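In what follows, a single structure is set out as structure tokens and then discussed.
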There are 2 protein chains.
Amino acid sequence: MDSNDALLDAAFTALADPVRRRIIARLSRGPATVNELAEPFAITKQAVSKHIQVLEQAQLVTRTRDAQRRPVHLNPARLEALTAWIDQYRLVREGQFRSLDAVLHSSAAASGTQAKDPS
Amino acid sequence: MDSNDALLDAAFTALADPVRRRIIARLSRGPATVNELAEPFAITKQAVSKHIQVLEQAQLVTRTRDAQRRPVHLNPARLEALTAWIDQYRLVREGQFRSLDAVLHSSAAASGTQAKDPS
DNA sequence: GCCTTAAACAACCAAGAGGTTGATAAAGCA
DNA sequence: TGCTTTATCAACCTCTTGGTTGTTTAAGGC
């Protein structure tokens, strides 16, 4: 459908891995190289490099050149796009669909019945 | 921490699929059955049922019983947990790390020298 | 009772993701 | 010029995921 959908896809996929989430967390404290990012993990640098490629493809990070180093930077703008998407549904009208629920179950004649608290 | 990490993992994994995101969007307008959710898609109901299982495992949706129907409900609380996680890094200190960048640049004259990584 | 509907379960398959090892490229230092 | 560091590329392997078909359970409707 949209290209926006493809970007959402890439971004959520990128965050769906604990290693990549830890990389994001680390980068929020400043840029880092692949070697630095790989250090806390028990996997090879090649594997970390692949993870960074996934993050880069999702535009969650960018890479610059500094001699033979390739510092990775966080791109907070993309993270904002994710919260924007989630907020569409997160803000959702508890009231509205609780009342619909009440109708469907209709087990009680709701005279001013308030929304029940979910368990 | 770890259990929370597992939940984050499940939730982001769940949102990393366009079909599941559309299911979320649909559910934000009220509960629906598997058949209703499957209707707009060109895949089998079994496949949709699996998608719902993934969403349920991530606690993004819940299922109730209504005779032989199993209406699926959105769980906005879990979505909030996701934005909470992202906000940790989204709010990130552009200022802070821009200034850090500036410091590193200025440490060796202005032009030509690139910033080195902190860590 | 019998038949339909709603939905889950089970086995299976193709494709992709995460990981490895090994080789390669580019930049800096001896 | 080598040699080291940094990081990517290229195969390859294994496990998971998204999908299928077929069967089974559960609840109503006739």
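The way I read the labels, and the way they are meant: chains A, B, ... in the order of the structure tokens, residue 1 as the first residue of every chain, and ligand 1 as the first ligand shown, with later ones counted on from there.
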Exercise. Define the interface residues of chain B facing chain C as those within 10 Å, counting only C-alpha atoms (C1' of nucleotides), and report them as number ranges by chain.
Key: B: 33-35, 45-46, 49-50, 67-70
Can I get the selection written as an mmCIF file, in the first residue's frame, with N, CA and C atoms?
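Once written, again_13.cif looks like this:
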data_model
loop_
_atom_site.group_PDB
_atom_site.id
_atom_site.type_symbol
_atom_site.label_atom_id
_atom_site.label_comp_id
_atom_site.auth_asym_id
_atom_site.auth_seq_id
_atom_site.Cartn_x
_atom_site.Cartn_y
_atom_site.Cartn_z
ATOM 1 N N THR B 33 -14.828 -10.304 15.608
ATOM 2 C CA THR B 33 -14.528 -11.733 15.610
ATOM 3 C C THR B 33 -13.447 -12.042 14.577
ATOM 4 N N VAL B 34 -12.939 -13.253 14.635
ATOM 5 C CA VAL B 34 -11.916 -13.668 13.688
ATOM 6 C C VAL B 34 -12.433 -13.561 12.262
ATOM 7 N N ASN B 35 -13.659 -14.003 12.047
ATOM 8 C CA ASN B 35 -14.228 -13.938 10.702
ATOM 9 C C ASN B 35 -14.313 -12.512 10.187
ATOM 10 N N LYS B 45 -8.715 -17.795 7.113
ATOM 11 C CA LYS B 45 -9.062 -17.435 8.492
ATOM 12 C C LYS B 45 -8.062 -18.044 9.472
ATOM 13 N N GLN B 46 -7.557 -19.199 9.117
ATOM 14 C CA GLN B 46 -6.562 -19.826 9.996
ATOM 15 C C GLN B 46 -5.337 -18.941 10.156
ATOM 16 N N SER B 49 -6.210 -16.164 12.374
ATOM 17 C CA SER B 49 -6.257 -16.680 13.740
ATOM 18 C C SER B 49 -4.856 -16.739 14.350
ATOM 19 N N LYS B 50 -3.898 -17.135 13.538
ATOM 20 C CA LYS B 50 -2.511 -17.164 14.019
ATOM 21 C C LYS B 50 -2.017 -15.762 14.342
ATOM 22 N N ALA B 67 -20.939 -17.081 23.359
ATOM 23 C CA ALA B 67 -21.428 -18.274 22.673
ATOM 24 C C ALA B 67 -20.282 -18.867 21.877
ATOM 25 N N GLN B 68 -20.493 -19.165 20.608
ATOM 26 C CA GLN B 68 -19.379 -19.735 19.849
ATOM 27 C C GLN B 68 -18.491 -18.668 19.238
ATOM 28 N N ARG B 69 -18.816 -17.421 19.468
ATOM 29 C CA ARG B 69 -17.955 -16.348 18.965
ATOM 30 C C ARG B 69 -16.876 -16.024 19.985
ATOM 31 N N ARG B 70 -15.773 -15.558 19.479
ATOM 32 C CA ARG B 70 -14.670 -15.172 20.364
ATOM 33 C C ARG B 70 -14.218 -13.767 20.033
#
Quiz item: Would you list which chain A residues are within 8 Å of chain B using only C-alpha atoms, as an MDAnalysis selection string?
Solution: chainID A and resid 5 8:13 15:18 24:25 28:33 36 66 71 76:77 79:80 83 86:87 89:92 96:97 100:101 105
Practice problem: Could you please select, counting only C-alpha atoms (C1' of nucleotides), the residues of chain D within 8 Å of chain B and state them as an MDAnalysis selection string? | Solution: chainID D and resid 18:19 26:27
Same residues, C-alpha atoms (C1' of nucleotides), output as a short mmCIF file (atom, residue, chain, number, x, y, z; two decimals), in the first residue's frame:
data_model
loop_
_atom_site.label_atom_id
_atom_site.label_comp_id
_atom_site.auth_asym_id
_atom_site.auth_seq_id
_atom_site.Cartn_x
_atom_site.Cartn_y
_atom_site.Cartn_z
"C1'" DG D 18 3.68 -16.75 7.55
"C1'" DG D 19 1.11 -19.33 4.87
"C1'" DA D 26 -18.01 -26.23 20.50
"C1'" DA D 27 -22.40 -23.82 20.12
#
Exercise. Check stretch 6-108 of chain A with DSSP on the backbone and list each residue it calls strand (DSSP E or B), as a VMD selection string.
Key: chain A and resid 32 61 to 63 66 69 72 to 74
Using C-alpha atoms, can you write the selected residues to a file as a CSV table (one decimal), in the first residue's frame?
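Saved to again17.csv:
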chain,number,residue,atom,x,y,z
A,32,ALA,CA,29.3,4.7,18.4
A,61,VAL,CA,20.1,5.3,12.5
A,62,THR,CA,22.5,6.8,10.0
A,63,ARG,CA,26.1,6.2,9.4
A,66,ASP,CA,35.4,9.2,9.9
A,69,ARG,CA,35.5,4.3,11.3
A,72,VAL,CA,26.4,5.2,13.9
A,73,HIS,CA,24.0,7.9,14.9
A,74,LEU,CA,20.5,7.7,16.2
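Atom CA of A:Ile52 sits 7.5 Å away from atom CA of A:Arg20.
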Practice problem: One decimal, Å: what's the distance from atom CA of B:Ala58 over to atom C1' of D:DT16, could you say? | Solution: 16.8 Å
Practice problem: Just the alpha helix (DSSP H) stuff from stretch 29-104 of chain A, please, per backbone DSSP, written as a VMD selection string. | Solution: chain A and resid 34 to 38 45 to 57 76 to 90 94 to 104
